[in-house]
>>> print(open('final-v4.pdb').read())   # PDB, C-alpha atoms
ATOM      1  CA  GLY A   1      63.975  68.082 144.706
ATOM      2  CA  GLY A   2      64.481  70.446 147.564
ATOM      3  CA  ASN A   3      67.408  72.772 148.018
ATOM      4  CA  ALA A   4      70.119  72.246 145.429
ATOM      5  CA  SER A   5      73.445  71.301 146.885
ATOM      6  CA  VAL A   6      76.633  73.160 146.061
ATOM      7  CA  TRP A   7      78.839  70.175 146.820
ATOM      8  CA  CYS A   8      78.732  66.407 146.846
ATOM      9  CA  TRP A   9      81.064  63.522 147.584
ATOM     10  CA  SER A  10      83.031  62.297 144.586
ATOM     11  CA  ASP A  11      83.710  58.656 143.829
ATOM     12  CA  THR A  12      82.733  56.161 141.159
ATOM     13  CA  GLU A  13      79.013  56.867 141.592
ATOM     14  CA  VAL A  14      77.054  59.982 140.713
ATOM     15  CA  LYS A  15      75.509  61.637 143.742
ATOM     16  CA  ASP A  16      73.303  64.710 143.599
ATOM     17  CA  ILE A  17      72.243  65.457 147.143
ATOM     18  CA  ASP A  18      69.379  67.898 146.766
ATOM     19  CA  TRP A  19      67.795  67.426 150.146
ATOM     20  CA  TYR A  20      68.593  68.312 153.709
ATOM     21  CA  ASP A  21      68.180  65.866 156.576
ATOM     22  CA  PRO A  22      68.662  67.568 159.968
ATOM     23  CA  ASP A  23      69.124  64.163 161.626
ATOM     24  CA  LEU A  24      71.941  63.115 159.288
ATOM     25  CA  GLU A  25      75.258  62.682 161.047
ATOM     26  CA  TRP A  26      77.884  64.675 159.215
ATOM     27  CA  CYS A  27      81.488  63.611 159.451
ATOM     28  CA  PRO A  28      84.367  66.076 159.549
ATOM     29  CA  LEU A  29      86.500  66.347 156.444
ATOM     30  CA  GLN A  30      89.533  64.106 156.614
ATOM     31  CA  LYS A  31      92.740  63.852 154.595
ATOM     32  CA  ASN A  32      92.272  62.173 151.173
ATOM     33  CA  MET A  33      88.496  62.698 151.059
ATOM     34  CA  VAL A  34      87.427  63.831 147.589
ATOM     35  CA  LEU A  35      84.460  66.118 146.978
ATOM     36  CA  THR A  36      82.973  68.227 144.242
ATOM     37  CA  ILE A  37      81.922  71.850 144.556
ATOM     38  CA  GLU A  38      79.461  72.596 141.787
ATOM     39  CA  PRO A  39      77.934  76.072 141.541
ATOM     40  CA  GLY A  40      75.438  76.411 138.713
ATOM     41  CA  CYS A  41      72.979  78.717 137.026
ATOM     42  CA  TYR A  42      69.961  77.252 135.230
ATOM     43  CA  PHE A  43      67.240  78.802 133.095
ATOM     44  CA  ASN A  44      64.207  76.676 133.902
ATOM     45  CA  HIS A  45      60.958  78.194 132.601
ATOM     46  CA  VAL A  46      58.903  76.169 135.105
ATOM     47  CA  LEU A  47      60.576  78.159 137.890
ATOM     48  CA  ILE A  48      61.360  81.409 136.071
ATOM     49  CA  ASP A  49      57.894  82.199 134.683
ATOM     50  CA  PRO A  50      56.065  82.141 138.042
ATOM     51  CA  ALA A  51      58.877  84.203 139.571
ATOM     52  CA  LEU A  52      58.626  86.784 136.771
ATOM     53  CA  ASN A  53      54.868  87.042 137.319
ATOM     54  CA  ASP A  54      55.128  87.342 141.093
ATOM     55  CA  PRO A  55      55.352  91.015 142.175
ATOM     56  CA  LYS A  56      57.658  90.104 145.077
ATOM     57  CA  THR A  57      60.289  88.361 142.937
ATOM     58  CA  GLY A  58      59.605  89.735 139.462
ATOM     59  CA  LYS A  59      60.759  93.221 140.411
ATOM     60  CA  PHE A  60      64.285  91.828 140.772
ATOM     61  CA  MET A  61      64.291  90.195 137.327
ATOM     62  CA  VAL A  62      64.811  91.674 133.850
ATOM     63  CA  LYS A  63      62.656  89.622 131.470
ATOM     64  CA  THR A  64      64.383  90.854 128.307
ATOM     65  CA  GLU A  65      67.750  89.685 129.676
ATOM     66  CA  ILE A  66      66.383  86.343 130.891
ATOM     67  CA  ASP A  67      64.721  85.728 127.526
ATOM     68  CA  LYS A  68      68.156  85.873 125.854
ATOM     69  CA  TYR A  69      69.115  82.679 127.686
ATOM     70  CA  ARG A  70      65.901  80.672 127.431
ATOM     71  CA  GLY A  71      66.487  77.351 125.789
ATOM     72  CA  MET A  72      70.174  77.173 126.616
ATOM     73  CA  GLY A  73      69.640  75.161 129.803
ATOM     74  CA  GLY A  74      72.316  76.449 132.091
ATOM     75  CA  VAL A  75      75.862  76.046 133.232
ATOM     76  CA  ARG A  76      77.495  74.250 136.123
ATOM     77  CA  ILE A  77      81.201  74.246 136.883
ATOM     78  CA  GLU A  78      82.253  71.153 138.783
ATOM     79  CA  GLU A  79      85.517  71.477 140.680
ATOM     80  CA  VAL A  80      86.938  68.332 142.263
ATOM     81  CA  PHE A  81      88.989  68.781 145.431
ATOM     82  CA  ILE A  82      91.026  66.454 147.590
ATOM     83  CA  VAL A  83      91.347  67.245 151.282
ATOM     84  CA  THR A  84      94.933  67.610 152.511
ATOM     85  CA  GLU A  85      96.300  67.852 156.043
ATOM     86  CA  ASP A  86      96.277  71.645 155.927
ATOM     87  CA  GLY A  87      93.562  72.488 153.378
ATOM     88  CA  CYS A  88      92.673  71.154 149.950
ATOM     89  CA  ASP A  89      93.990  70.872 146.413
ATOM     90  CA  ILE A  90      92.007  71.297 143.205
ATOM     91  CA  ILE A  91      92.426  68.103 141.196
ATOM     92  CA  SER A  92      90.124  68.951 138.287
ATOM     93  CA  ASN A  93      91.093  70.796 135.150
ATOM     94  CA  VAL A  94      88.044  72.728 133.963
ATOM     95  CA  PRO A  95      87.509  76.162 132.404
ATOM     96  CA  ARG A  96      86.600  78.698 135.091
ATOM     97  CA  THR A  97      86.402  82.177 133.584
ATOM     98  CA  VAL A  98      83.835  83.389 131.060
ATOM     99  CA  THR A  99      86.584  83.568 128.412
ATOM    100  CA  GLU A 100      87.792  80.022 129.172
ATOM    101  CA  ILE A 101      84.251  78.620 129.098
ATOM    102  CA  GLU A 102      83.381  80.379 125.822
ATOM    103  CA  GLU A 103      86.604  79.115 124.234
ATOM    104  CA  PHE A 104      85.896  75.574 125.445
ATOM    105  CA  MET A 105      82.344  75.695 124.059
ATOM    106  CA  LYS A 106      83.704  76.558 120.588
ATOM    107  CA  ASN A 107      85.453  73.179 120.501
ATOM    108  CA  PRO A 108      84.198  70.878 123.285
ATOM    109  CA  ALA A 109      86.461  68.004 122.231
ATOM    110  CA  PRO A 110      87.224  65.314 124.813
ATOM    111  CA  ARG A 111      90.078  66.362 127.050
ATOM    112  CA  ASP A 112      92.420  64.487 129.277
ATOM    113  CA  ILE A 113      91.205  64.404 132.845
ATOM    114  CA  PRO A 114      94.434  64.018 134.809
ATOM    115  CA  PHE A 115      92.897  63.323 138.205
ATOM    116  CA  LEU A 116      91.158  60.157 136.957
ATOM    117  CA  ASP A 117      94.524  58.425 136.634
ATOM    118  CA  ALA A 118      95.084  58.941 140.370
ATOM    119  CA  ILE A 119      91.785  57.343 141.426
TER     120      ILE A 119
END
>>> encode(input="final-v4.pdb", output="structure tokens")
Amino acid sequence: GGNASVWCWSDTEVKDIDWYDPDLEWCPLQKNMVLTIEPGCYFNHVLIDPALNDPKTGKFMVKTEIDKYRGMGGVRIEEVFIVTEDGCDIISNVPRTVTEIEEFMKNPAPRDIPFLDAI
């Protein structure tokens, strides 16, 4: 893919928009639109190794620290929002802080997802 998106539309289909089309007509956000904001951090050796070996980018990276996380994949926190008349509301219930995420990972049992009942 190209540039990874940090958001996508949310509905019953999975959409990962990882491209940019300058000719695409964007619509303004409107009340009751639902979207996902999904920042992530991934440890992909196919991308990391060349960057470590490149003098321009490698000087900003600490190999011993990166090596601690190799093999773990990465993390992405997906927040689902609904657009309101004067802003937006978070309608997802996910761990956000390091402490919350670590606690969740100790027991990743299925959890109720309250916003699904509203869809």
>>> resolve_selection(input="final-v4.pdb", expression="the PyMOL selection byres ((chain A and resi 63-68) around 10)", output="PyMOL selection string")
chain A and resi 43+45+48-49+52+58-62+69-72
>>> resolve_selection(input="final-v4.pdb", expression="the PyMOL selection byres ((chain A and resi 95-100) around 12)", output="VMD selection string")
chain A and resid 38 to 40 75 to 79 92 to 94 101 to 108 111
>>> atom_distance(input="final-v4.pdb", atom1="CA of Cys88 (chain A)", atom2="CA of Glu25 (chain A)")
22.3 Å
>>> closest_residue(input="final-v4.pdb", among="A:Thr57, A:Leu47, A:Val34, A:Cys41", to="Thr84 (chain A)", atoms="all atoms listed in the file")
A:Val34
>>> closest_residue(input="final-v4.pdb", among="A:Ile90, A:Ile82, A:Gly73, A:Trp26", to="Asn44 (chain A)", atoms="only C-alpha atoms")
A:Gly73
>>> atom_distance(input="final-v4.pdb", atom1="CA of Tyr42 (chain A)", atom2="CA of Pro55 (chain A)")
21.2 Å
>>> atom_distance(input="final-v4.pdb", atom1="CA of Ile37 (chain A)", atom2="CA of Gly74 (chain A)")
16.4 Å
